[in-house]
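J.: Please find start_17.tsv (TSV, C-alpha atoms) on the next line:
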chain	number	residue	atom	x	y	z
A	4	MET	CA	94.19	72.22	-80.68
A	5	ARG	CA	92.98	69.53	-83.02
A	6	ASN	CA	93.65	65.99	-81.82
A	7	LEU	CA	97.34	65.14	-81.94
A	8	ILE	CA	99.07	61.87	-81.25
A	9	ASN	CA	99.73	62.07	-77.53
A	10	ILE	CA	103.22	63.04	-76.38
A	11	THR	CA	103.68	61.72	-72.85
A	12	LEU	CA	105.22	63.83	-70.14
A	13	LEU	CA	107.78	61.12	-69.40
A	14	SER	CA	109.71	62.27	-72.46
A	15	LEU	CA	109.84	65.98	-71.56
A	16	PHE	CA	112.84	67.91	-70.23
A	17	CYS	CA	115.30	67.40	-73.40
A	18	THR	CA	92.60	107.89	-77.14
A	19	SER	CA	93.52	106.54	-74.25
A	20	ALA	CA	96.17	107.80	-71.94
A	21	SER	CA	99.63	107.02	-73.21
A	22	GLY	CA	100.86	103.77	-71.73
A	23	GLN	CA	97.41	102.27	-71.12
A	24	ASN	CA	97.12	98.72	-72.39
A	25	LEU	CA	93.95	98.36	-74.47
A	26	ILE	CA	93.97	94.54	-74.21
A	27	ARG	CA	91.84	92.79	-71.62
A	28	ASN	CA	93.33	89.75	-69.91
A	29	ALA	CA	96.54	90.58	-71.76
A	30	GLY	CA	98.66	88.03	-69.90
A	31	PHE	CA	96.03	85.27	-70.02
A	32	GLU	CA	95.88	85.17	-66.23
A	33	LYS	CA	92.08	84.91	-65.89
A	34	TYR	CA	90.32	81.65	-66.70
A	35	TYR	CA	86.88	80.11	-66.29
A	36	THR	CA	88.21	76.79	-65.04
A	37	CYS	CA	91.74	75.49	-64.60
A	38	PRO	CA	92.56	73.60	-67.83
A	39	ASP	CA	93.16	69.86	-67.62
A	40	ASN	CA	93.87	69.00	-71.27
A	41	TYR	CA	94.53	70.56	-74.66
A	42	THR	CA	91.46	71.90	-76.44
A	43	VAL	CA	89.76	69.31	-78.65
A	44	GLU	CA	86.45	71.05	-79.44
A	45	TYR	CA	85.38	74.58	-80.35
A	46	THR	CA	83.90	76.48	-77.42
A	47	LYS	CA	82.43	79.95	-76.96
A	48	ARG	CA	83.96	80.08	-73.46
A	49	PHE	CA	87.69	79.69	-74.07
A	50	ILE	CA	89.15	82.10	-71.51
A	51	PRO	CA	87.71	85.46	-70.36
A	52	ASP	CA	87.94	88.21	-73.01
A	53	TRP	CA	89.37	85.85	-75.67
A	54	VAL	CA	87.39	83.79	-78.20
A	55	MET	CA	87.98	81.39	-81.08
A	56	PRO	CA	86.96	83.12	-84.34
A	57	THR	CA	87.07	79.81	-86.26
A	58	LYS	CA	86.65	76.13	-85.43
A	59	GLY	CA	90.41	75.99	-84.86
A	60	THR	CA	91.02	75.23	-81.18
A	61	PRO	CA	93.92	77.05	-79.42
A	62	ASP	CA	95.16	75.70	-76.09
A	63	TYR	CA	95.43	77.29	-72.65
A	64	PHE	CA	98.30	76.60	-70.24
A	65	ASN	CA	98.47	77.59	-66.56
A	66	ARG	CA	100.51	76.87	-63.44
A	67	CYS	CA	97.31	75.61	-61.77
A	68	SER	CA	97.21	72.67	-64.18
A	69	LYS	CA	99.20	69.46	-64.27
A	70	GLU	CA	100.70	67.37	-67.01
A	71	MET	CA	99.10	68.03	-70.43
A	72	VAL	CA	98.73	71.83	-70.15
A	73	GLY	CA	100.79	72.47	-67.05
A	74	VAL	CA	103.78	74.71	-66.33
A	75	PRO	CA	106.57	74.24	-67.13
A	76	GLN	CA	105.93	70.75	-68.55
A	77	ASN	CA	103.14	70.27	-71.06
A	78	PHE	CA	102.25	68.15	-74.07
A	79	MET	CA	104.16	70.44	-76.47
A	80	GLY	CA	107.35	70.91	-74.45
A	81	SER	CA	108.59	72.70	-71.34
A	82	ILE	CA	108.36	76.44	-70.71
A	83	PHE	CA	107.52	78.89	-67.94
A	84	PRO	CA	105.14	81.81	-68.69
A	85	ALA	CA	106.80	84.97	-69.98
A	86	GLU	CA	104.97	86.62	-67.07
A	87	GLY	CA	102.39	85.55	-64.51
A	88	ASP	CA	100.84	82.09	-64.51
A	89	GLY	CA	99.17	81.55	-67.90
A	90	PHE	CA	99.77	81.61	-71.64
A	91	VAL	CA	98.21	80.21	-74.82
A	92	GLY	CA	99.35	78.03	-77.73
A	93	LEU	CA	98.44	78.15	-81.43
A	94	VAL	CA	98.86	75.85	-84.42
A	95	LEU	CA	100.10	78.19	-87.18
A	96	LEU	CA	100.62	75.46	-89.80
A	97	ASP	CA	99.26	71.93	-90.08
A	98	THR	CA	100.30	69.11	-92.42
A	99	PRO	CA	101.63	71.26	-95.28
A	100	GLU	CA	102.61	69.79	-98.60
A	101	VAL	CA	106.18	68.50	-98.36
A	102	ASN	CA	108.64	71.11	-99.62
A	103	ASP	CA	111.83	69.76	-101.15
A	104	GLU	CA	113.32	73.10	-102.22
A	105	ILE	CA	114.72	74.19	-98.85
A	106	ASP	CA	118.51	74.13	-98.64
A	107	TYR	CA	119.25	74.07	-94.93
A	108	ARG	CA	122.94	74.76	-95.55
A	109	ASP	CA	122.09	78.20	-96.92
A	110	TYR	CA	121.27	79.50	-93.43
A	111	PHE	CA	123.60	80.89	-90.78
A	112	HIS	CA	122.65	78.31	-88.15
A	113	SER	CA	125.09	77.02	-85.64
A	114	GLY	CA	123.50	75.79	-82.44
A	115	PRO	CA	119.84	74.82	-81.94
A	116	LEU	CA	118.94	74.06	-85.56
A	117	ALA	CA	122.42	73.13	-86.78
A	118	PRO	CA	121.44	72.57	-90.43
A	119	VAL	CA	125.04	72.74	-91.56
A	120	THR	CA	125.50	69.00	-91.10
A	121	ILE	CA	124.89	66.59	-93.95
A	122	THR	CA	122.49	64.61	-91.75
A	123	ASN	CA	120.25	67.59	-91.12
A	124	ALA	CA	120.63	68.87	-94.67
A	125	ASN	CA	119.08	65.65	-95.98
A	126	ILE	CA	116.25	65.09	-93.53
A	127	LYS	CA	113.98	62.32	-94.73
A	128	LYS	CA	110.57	63.77	-95.49
A	129	PRO	CA	107.74	62.16	-93.49
A	130	ASP	CA	104.67	60.57	-94.97
A	131	THR	CA	101.98	63.24	-94.58
A	132	LYS	CA	99.09	61.26	-96.08
A	133	ARG	CA	96.06	61.00	-93.83
A	134	THR	CA	92.54	59.72	-94.20
A	135	VAL	CA	91.27	63.25	-93.53
A	136	LYS	CA	93.65	66.19	-93.95
A	137	PRO	CA	92.42	69.58	-92.68
A	138	ILE	CA	93.08	71.99	-95.53
A	139	ASN	CA	95.09	75.00	-94.33
A	140	TYR	CA	94.15	74.33	-90.71
A	141	ARG	CA	94.83	77.35	-88.49
A	142	GLU	CA	94.20	78.41	-84.90
A	143	TYR	CA	93.42	82.03	-84.04
A	144	LEU	CA	92.67	84.13	-80.96
A	145	GLN	CA	90.37	87.16	-80.96
A	146	THR	CA	89.60	89.84	-78.37
A	147	GLN	CA	87.58	93.04	-78.13
A	148	LEU	CA	89.66	96.11	-77.22
A	149	ILE	CA	88.84	98.28	-74.23
A	150	THR	CA	88.20	101.26	-76.54
A	151	PRO	CA	88.10	101.63	-80.36
A	152	LEU	CA	91.27	102.78	-82.08
A	153	GLN	CA	91.26	106.46	-83.00
A	154	PRO	CA	91.60	107.60	-86.65
A	155	ASN	CA	95.05	108.28	-88.10
A	156	MET	CA	96.85	107.53	-84.83
A	157	LEU	CA	99.96	105.49	-84.13
A	158	TYR	CA	99.75	102.50	-81.81
A	159	ARG	CA	102.39	100.12	-80.53
A	160	ILE	CA	101.54	96.41	-80.43
A	161	SER	CA	103.78	93.92	-78.68
A	162	PHE	CA	103.64	90.31	-77.56
A	163	LYS	CA	105.98	87.49	-76.60
A	164	TYR	CA	106.13	84.25	-78.54
A	165	ALA	CA	108.10	81.02	-78.25
A	166	LEU	CA	108.55	77.97	-80.45
A	167	ALA	CA	107.39	74.78	-78.74
A	168	GLN	CA	110.02	72.05	-78.38
A	169	HIS	CA	107.62	69.50	-79.87
A	170	SER	CA	106.73	71.63	-82.88
A	171	THR	CA	107.46	69.82	-86.15
A	172	PHE	CA	108.18	73.05	-88.03
A	173	VAL	CA	109.63	76.55	-87.65
A	174	LEU	CA	107.84	79.06	-89.88
A	175	ASN	CA	107.75	82.74	-90.84
A	176	ARG	CA	104.11	83.75	-90.51
A	177	LEU	CA	102.59	85.30	-87.39
A	178	GLY	CA	100.55	88.50	-87.47
A	179	ILE	CA	97.72	90.59	-86.05
A	180	VAL	CA	94.59	91.97	-87.71
A	181	PHE	CA	92.46	94.83	-86.37
A	182	THR	CA	88.83	95.07	-87.54
A	183	GLN	CA	85.70	97.06	-86.77
A	184	ASN	CA	83.58	93.92	-86.54
A	185	PRO	CA	84.26	90.50	-85.03
A	186	ILE	CA	85.66	87.90	-87.42
A	187	LYS	CA	83.80	84.62	-87.69
A	188	GLN	CA	84.58	81.78	-90.06
A	189	LYS	CA	84.11	78.02	-89.91
A	190	ASP	CA	87.65	76.94	-90.75
A	191	GLY	CA	90.69	77.58	-92.93
A	192	VAL	CA	92.80	80.73	-93.32
A	193	LEU	CA	91.14	84.03	-92.40
A	194	PRO	CA	91.12	86.25	-95.55
A	195	TYR	CA	92.62	89.37	-93.98
A	196	LYS	CA	95.91	91.17	-94.50
A	197	PRO	CA	97.69	91.60	-91.15
A	198	ASN	CA	98.17	95.15	-89.87
A	199	VAL	CA	101.43	94.03	-88.27
A	200	PHE	CA	103.40	90.84	-88.75
A	201	ILE	CA	106.83	89.36	-88.25
A	202	ASP	CA	108.54	89.83	-91.60
A	203	THR	CA	111.61	87.63	-91.45
A	204	VAL	CA	112.76	84.32	-92.90
A	205	ALA	CA	111.41	82.40	-89.93
A	206	LEU	CA	110.25	83.08	-86.41
A	207	PHE	CA	112.81	82.77	-83.65
A	208	ALA	CA	113.88	79.14	-83.72
A	209	THR	CA	115.27	78.24	-80.29
A	210	PRO	CA	112.54	76.08	-78.69
A	211	GLY	CA	111.28	77.07	-75.26
A	212	ILE	CA	112.67	80.62	-75.38
A	213	TRP	CA	110.42	83.68	-75.17
A	214	VAL	CA	111.09	86.44	-77.71
A	215	GLU	CA	109.40	89.83	-77.75
A	216	PHE	CA	107.97	91.25	-80.96
A	217	ALA	CA	106.83	94.87	-81.20
A	218	ASP	CA	105.90	97.28	-83.96
A	219	THR	CA	103.97	100.47	-84.58
A	220	PHE	CA	101.14	100.94	-87.06
A	221	ARG	CA	98.74	103.68	-88.16
A	222	THR	CA	94.98	103.18	-87.83
A	223	ARG	CA	92.04	103.96	-90.08
A	224	GLY	CA	89.91	104.39	-86.99
A	225	GLY	CA	87.06	102.49	-85.39
A	226	GLU	CA	88.86	99.15	-85.11
A	227	ILE	CA	87.87	97.42	-81.88
A	228	TYR	CA	88.60	93.72	-82.50
A	229	MET	CA	92.06	92.17	-82.62
A	230	THR	CA	92.88	88.71	-84.01
A	231	ILE	CA	96.22	86.85	-83.74
A	232	GLY	CA	97.44	84.01	-85.98
A	233	ASN	CA	98.79	83.03	-89.41
A	234	PHE	CA	96.80	84.79	-92.16
A	235	TYR	CA	98.64	83.13	-95.06
A	236	ASP	CA	97.84	79.81	-96.70
A	237	ASP	CA	100.26	76.90	-96.83
A	238	LYS	CA	101.75	77.93	-100.18
A	239	GLN	CA	102.54	81.43	-98.85
A	240	THR	CA	104.04	80.15	-95.60
A	241	ARG	CA	107.74	79.32	-95.52
A	242	TYR	CA	108.83	76.67	-93.05
A	243	ILE	CA	111.74	74.45	-92.10
A	244	SER	CA	112.01	71.45	-89.80
A	245	ASN	CA	112.48	72.05	-86.10
A	246	ASP	CA	115.59	70.43	-84.63
A	247	ILE	CA	114.37	67.50	-82.51
A	248	SER	CA	117.58	65.48	-82.70
A	249	GLY	CA	118.10	65.72	-78.93
A	250	LEU	CA	114.84	63.92	-78.15
A	251	ASN	CA	114.34	60.19	-77.91
A	252	THR	CA	113.47	58.25	-81.06
A	253	MET	CA	109.85	57.49	-80.10
A	254	LEU	CA	109.15	61.16	-79.35
A	255	GLN	CA	110.80	62.24	-82.61
A	256	ARG	CA	108.49	59.91	-84.56
A	257	THR	CA	105.46	61.35	-82.80
A	258	ILE	CA	106.49	64.94	-83.53
A	259	ILE	CA	107.15	64.18	-87.21
A	260	THR	CA	103.76	62.47	-87.46
A	261	ASN	CA	101.95	65.43	-85.88
A	262	GLN	CA	103.17	67.77	-88.67
A	263	VAL	CA	102.39	71.12	-87.00
A	264	ALA	CA	104.09	74.45	-86.38
A	265	TYR	CA	103.17	75.31	-82.81
A	266	TYR	CA	103.95	78.54	-80.92
A	267	TYR	CA	103.18	79.83	-77.44
A	268	ILE	CA	101.88	83.42	-76.98
A	269	ASP	CA	101.94	85.61	-73.84
A	270	ASP	CA	101.92	89.20	-72.56
A	271	VAL	CA	100.03	91.06	-75.33
A	272	LYS	CA	100.07	94.87	-75.18
A	273	LEU	CA	98.51	97.62	-77.31
A	274	GLU	CA	99.30	101.24	-76.48
A	275	PRO	CA	98.95	104.62	-78.24
A	276	VAL	CA	102.24	106.34	-78.99
A	277	LYS	CA	103.33	109.83	-79.92
A	278	LEU	CA	104.73	110.60	-83.36
A	279	GLU	CA	108.07	111.73	-81.95
A	280	GLU	CA	108.50	108.36	-80.24
A	281	THR	CA	108.15	106.19	-83.31
A	282	GLY	CA	111.83	106.29	-84.18
A	283	GLU	CA	112.51	104.42	-80.95
A	284	LEU	CA	109.49	102.15	-81.09
A	285	SER	CA	109.91	100.57	-84.48
A	286	PRO	CA	113.21	98.64	-84.69
A	287	ARG	CA	112.83	94.97	-85.56
A	288	PHE	CA	115.02	92.22	-84.20
A	289	VAL	CA	115.79	89.28	-86.47
A	290	PRO	CA	117.53	86.14	-85.13
A	291	TYR	CA	120.91	85.91	-86.85
A	292	SER	CA	120.55	82.13	-87.08
A	293	MET	CA	117.50	82.49	-89.33
A	294	LEU	CA	119.03	84.91	-91.85
A	295	LYS	CA	120.11	83.73	-95.26
A	296	ARG	CA	123.34	85.07	-96.68
A	297	ASP	CA	121.64	87.30	-99.21
A	298	GLU	CA	119.48	88.90	-96.49
A	299	LEU	CA	122.32	90.23	-94.33
A	300	PRO	CA	122.68	93.49	-96.35
A	301	VAL	CA	119.33	94.74	-94.94
A	302	ILE	CA	120.84	94.67	-91.43
A	303	ASP	CA	122.41	98.12	-91.68
A	304	THR	CA	122.44	101.24	-89.56
A	305	ILE	CA	120.21	103.11	-92.02
A	306	GLY	CA	117.30	100.66	-91.72
A	307	ARG	CA	115.25	99.44	-88.77
A	308	PHE	CA	116.62	95.90	-88.44
A	309	PHE	CA	118.96	94.47	-85.81
A	310	ALA	CA	120.30	90.90	-86.00
A	311	LEU	CA	120.23	89.17	-82.62
A	312	LEU	CA	123.22	86.90	-82.00
A	313	ASP	CA	120.88	84.22	-80.70
A	314	GLU	CA	123.49	81.47	-80.52
A	315	VAL	CA	126.24	83.42	-78.77
A	316	PHE	CA	126.11	82.43	-75.11
A	317	PHE	CA	127.42	84.08	-71.95
A	318	ASP	CA	127.46	83.41	-68.24
A	319	ILE	CA	125.75	86.47	-66.78
A	320	GLY	CA	128.34	88.79	-65.24
A	321	GLN	CA	131.19	87.13	-67.12
A	322	PRO	CA	132.89	88.89	-70.03
A	323	GLY	CA	133.85	85.80	-72.04
A	324	THR	CA	131.66	83.82	-74.42
A	325	LYS	CA	130.85	80.13	-73.99
A	326	PRO	CA	132.62	77.64	-76.30
A	327	HIS	CA	129.49	76.64	-78.22
A	328	SER	CA	129.17	80.24	-79.41
A	329	PHE	CA	132.08	80.00	-81.80
A	330	CYS	CA	130.24	78.49	-84.75
A	331	GLN	CA	128.04	81.58	-85.09
A	332	LEU	CA	130.91	83.89	-84.19
A	333	ASP	CA	133.14	82.31	-86.83
A	334	GLY	CA	130.36	82.79	-89.38
A	335	LEU	CA	130.12	86.46	-88.41
A	336	VAL	CA	133.89	86.88	-88.82
A	337	GLY	CA	133.71	85.15	-92.20
A	338	TYR	CA	131.03	87.59	-93.37
A	339	LEU	CA	133.17	90.58	-92.35
A	340	VAL	CA	136.29	89.10	-93.97
A	341	ASN	CA	134.41	88.58	-97.25
A	342	ASN	CA	133.01	92.14	-97.09
A	343	PRO	CA	136.01	94.38	-96.24
A	344	ASN	CA	133.95	97.48	-97.09
A	345	LEU	CA	131.69	96.90	-94.07
A	346	GLY	CA	132.02	97.74	-90.39
A	347	ILE	CA	129.99	96.20	-87.58
A	348	GLU	CA	127.99	97.90	-84.83
A	349	LEU	CA	127.73	95.77	-81.67
A	350	ASN	CA	124.69	96.62	-79.54
A	351	GLY	CA	124.57	95.33	-75.96
A	352	LEU	CA	121.35	94.28	-74.23
A	353	ILE	CA	120.91	94.35	-70.47
A	354	HIS	CA	119.66	91.08	-68.97
A	355	GLU	CA	116.78	91.11	-66.48
A	356	VAL	CA	118.99	89.86	-63.63
A	357	GLU	CA	121.42	92.76	-64.10
A	358	THR	CA	120.99	96.03	-62.23
A	359	ASP	CA	123.50	98.10	-64.22
A	360	THR	CA	125.35	98.20	-67.53
A	361	VAL	CA	128.58	96.56	-66.32
A	362	GLY	CA	127.70	93.13	-67.73
A	363	ALA	CA	126.55	94.49	-71.08
A	364	ASN	CA	129.73	96.53	-71.45
A	365	SER	CA	131.84	93.49	-70.57
A	366	ARG	CA	130.10	91.44	-73.25
A	367	LEU	CA	130.58	94.22	-75.81
A	368	ASN	CA	134.29	94.47	-75.08
A	369	ALA	CA	134.68	90.69	-75.15
A	370	MET	CA	133.06	90.64	-78.59
A	371	LYS	CA	135.23	93.51	-79.80
A	372	HIS	CA	138.41	91.75	-78.69
A	373	PHE	CA	137.25	88.52	-80.31
A	374	LEU	CA	136.75	90.27	-83.65
A	375	ILE	CA	140.09	92.09	-83.45
A	376	ASN	CA	141.92	88.88	-82.53
A	377	ASN	CA	140.37	87.29	-85.62
A	378	GLY	CA	141.68	89.90	-88.03
A	379	ILE	CA	138.93	92.54	-88.03
A	380	ALA	CA	140.48	96.02	-87.77
A	381	GLU	CA	139.50	97.98	-84.65
A	382	GLU	CA	138.19	100.90	-86.71
A	383	ARG	CA	135.59	98.55	-88.23
A	384	VAL	CA	134.00	97.86	-84.82
A	385	LYS	CA	131.63	100.21	-83.00
A	386	LEU	CA	130.05	99.57	-79.58
A	387	SER	CA	126.64	100.73	-78.40
A	388	LEU	CA	124.18	99.95	-75.60
A	389	LEU	CA	120.54	99.44	-76.52
A	390	ASP	CA	118.70	101.51	-73.99
A	391	ASP	CA	115.00	101.00	-73.29
A	392	PHE	CA	113.71	100.88	-76.87
A	393	LYS	CA	110.32	99.61	-75.65
A	394	SER	CA	110.20	97.40	-78.73
A	395	ILE	CA	112.66	95.02	-77.10
A	396	SER	CA	112.77	94.92	-73.36
A	397	THR	CA	116.09	95.57	-71.65
A	398	LYS	CA	114.93	92.80	-69.33
A	399	TYR	CA	115.08	90.34	-72.19
A	400	ARG	CA	114.16	86.83	-71.09
A	401	THR	CA	116.08	84.49	-73.36
A	402	TYR	CA	116.90	81.56	-71.16
A	403	ARG	CA	115.24	78.36	-69.92
A	404	GLU	CA	113.86	79.41	-66.57
A	405	GLY	CA	113.96	76.63	-64.02
A	406	LEU	CA	116.02	74.30	-66.20
A	407	PRO	CA	119.66	73.42	-65.57
A	408	SER	CA	121.07	75.60	-68.38
A	409	VAL	CA	123.19	78.50	-67.14
A	410	TYR	CA	123.82	79.94	-70.58
A	411	TYR	CA	122.24	83.16	-71.77
A	412	SER	CA	121.93	84.22	-75.41
A	413	SER	CA	120.47	87.11	-77.42
A	414	LEU	CA	122.35	89.62	-75.29
A	415	LEU	CA	123.98	91.21	-78.33
A	416	ALA	CA	122.50	92.57	-81.55
A	417	VAL	CA	124.50	93.62	-84.60
A	418	ARG	CA	124.14	95.96	-87.55
A	419	PHE	CA	126.55	96.72	-90.39
A	420	PHE	CA	127.68	99.98	-91.92
A	421	LYS	CA	129.71	100.97	-94.96
A	422	LEU	CA	133.21	102.27	-94.32
Can you present the structure in this file as structure tokens?

T.:
Amino acid sequence: MRNLINITLLSLFCTSASGQNLIRNAGFEKYYTCPDNYTVEYTKRFIPDWVMPTKGTPDYFNRCSKEMVGVPQNFMGSIFPAEGDGFVGLVLLDTPEVNDEIDYRDYFHSGPLAPVTITNANIKKPDTKRTVKPINYREYLQTQLITPLQPNMLYRISFKYALAQHSTFVLNRLGIVFTQNPIKQKDGVLPYKPNVFIDTVALFATPGIWVEFADTFRTRGGEIYMTIGNFYDDKQTRYISNDISGLNTMLQRTIITNQVAYYYIDDVKLEPVKLEETGELSPRFVPYSMLKRDELPVIDTIGRFFALLDEVFFDIGQPGTKPHSFCQLDGLVGYLVNNPNLGIELNGLIHEVETDTVGANSRLNAMKHFLINNGIAEERVKLSLLDDFKSISTKYRTYREGLPSVYYSSLLAVRFFKL
């Protein structure tokens, strides 16, 4: 990471065989030395099997470390690894030109970002002038695959990502490029079109929560290098402000001054798949809170998209929803009331601490009763369990591990259908 104004830890706390992973050090468990600080200079020895293709400097976090790049507390927030002991962090956007066109009230937020308030809707734009401003600064990670990709074959790529609590921005650009030769460039945006990317309004926006992305793609053949990052310049990258209202004033000022979009990455997998499996491997999950009103029609049972109810919270094993869920739930009811020609399909996800489907079924029935009690006819509501789709784990980690929160979200996904 390029030098940031320091955020002290005192203010934390707010043809291969099918199934073989072709990524070395996929969980970032191996390291040359235990990290003791964020990365300030380009190095050829970042971590084993992963390199920096540009002068952008990603960061490495591990349980062996303390303070700045430790686990769970580190200079960009607080988070446990999605698996194992290590993970990495990337700057995907740095000091963009101030954008005044965003209308925060046009989004279906309710909890973490809460842009429905007048205060948040009129956030004062920070002074982004600096003596030296890196133009389109980006950080990337690159690795060499175990074997080259075979021609005209389907592969499944997946990884987990999380927005850092101390990220200034939430954005919509994160992708992966596969090439036959290693990519090397001094700085700036790498001029490649991603083979796979997250194509939604913005990446999942609840800080400190791991979300799994997965997709399938077809190869040309011979690709053996994989690069992760934001392959779009500032003008092509949409972003909004991260909600930092719960942090102390001094920390908020530091985060606003830093002017970066920062995401953690962990658990990268690349596997060949069979053609008959692609129907189950390709659904995409979009956080409901990050959808604009005019984008909801694409969340239908004909397409590949599911909308995760990311701000509807449950106690695991309990059928009822938590009170702070009602803002998003009321918005969902409002959408159905205004579109009487639509029905809703509720899809239950099984949490990793659950050993059966009892909890998921309880949540589905609680949601169904909530909708009926709010005037939605029973025939407009369908229930379904999302089995192991492989593109979203049934052991879906969407909670703050080790922190006092007992609330669990993203355990339901919805789609709409015409009556």

J.: Kindly give the distance, in Å, that separates atom CA of Asp52 of chain A and atom CA of Phe220 of chain A, rounded to a single decimal.

T.: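 Distance between the two atoms: 23.1 Å.
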
J.: Within 7 Å of Leu349 of chain A, counting all atoms listed in the file, which residues qualify if same-chain residues fewer than 2 places away don't, as a ChimeraX atom specification?

T.: /A:347,351,367,385-387,415-418

J.: For each of A:Asn139, A:Thr222, A:Ser365, A:Thr230, take the minimum atom-to-atom distance to Pro151 of chain A, counting only C-alpha atoms, then give the residue where this is smallest.

T.: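 Of all the options, A:Thr222 lies closest to Pro151 of chain A.
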
J.: Around the point (103.2, 77.4, -79.8) in the file's coordinates, collect all residues with an atom within 10 Å, using only C-alpha atoms, and return them as an MDAnalysis selection string.

T.: chainID A and resid 61:62 79:80 90:95 164:170 210:211 263:268

J.: Hey, which of A:Tyr140, A:Phe200, A:Phe316, A:Phe216 ends up closest to Asp236 of chain A? Count all atoms listed in the file.

T.: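 Of A:Tyr140, A:Phe200, A:Phe316, A:Phe216, the one nearest Asp236 of chain A, counting all atoms listed in the file, is A:Tyr140.
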
J.: Kindly give the distance, in Å, that separates atom CA of Phe419 of chain A and atom CA of Asn364 of chain A, rounded to a single decimal.

T.: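 Separating atom CA of Phe419 of chain A from atom CA of Asn364 of chain A is a distance of 19.2 Å.
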
J.: Identify which of the residues A:Val54, A:Ile243, A:Met370, A:Met4 lies closest to Phe78 of chain A, counting all atoms listed in the file when measuring atom-to-atom distances.

T.: A:Met4

J.: Which one of A:Asn245, A:Gln23, A:Asn28, A:Gln145 sits closest to Ile186 of chain A if you count all atoms listed in the file?

T.: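 Of A:Asn245, A:Gln23, A:Asn28, A:Gln145, the one nearest Ile186 of chain A is A:Gln145, counting all atoms listed in the file.
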
J.: Which residue, A:Met71, A:Leu332, A:Ala380, A:Val315, has the smallest gap to Thr42 of chain A when you use only C-alpha atoms?

T.: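 The answer is A:Met71, which sits nearest to Thr42 of chain A.
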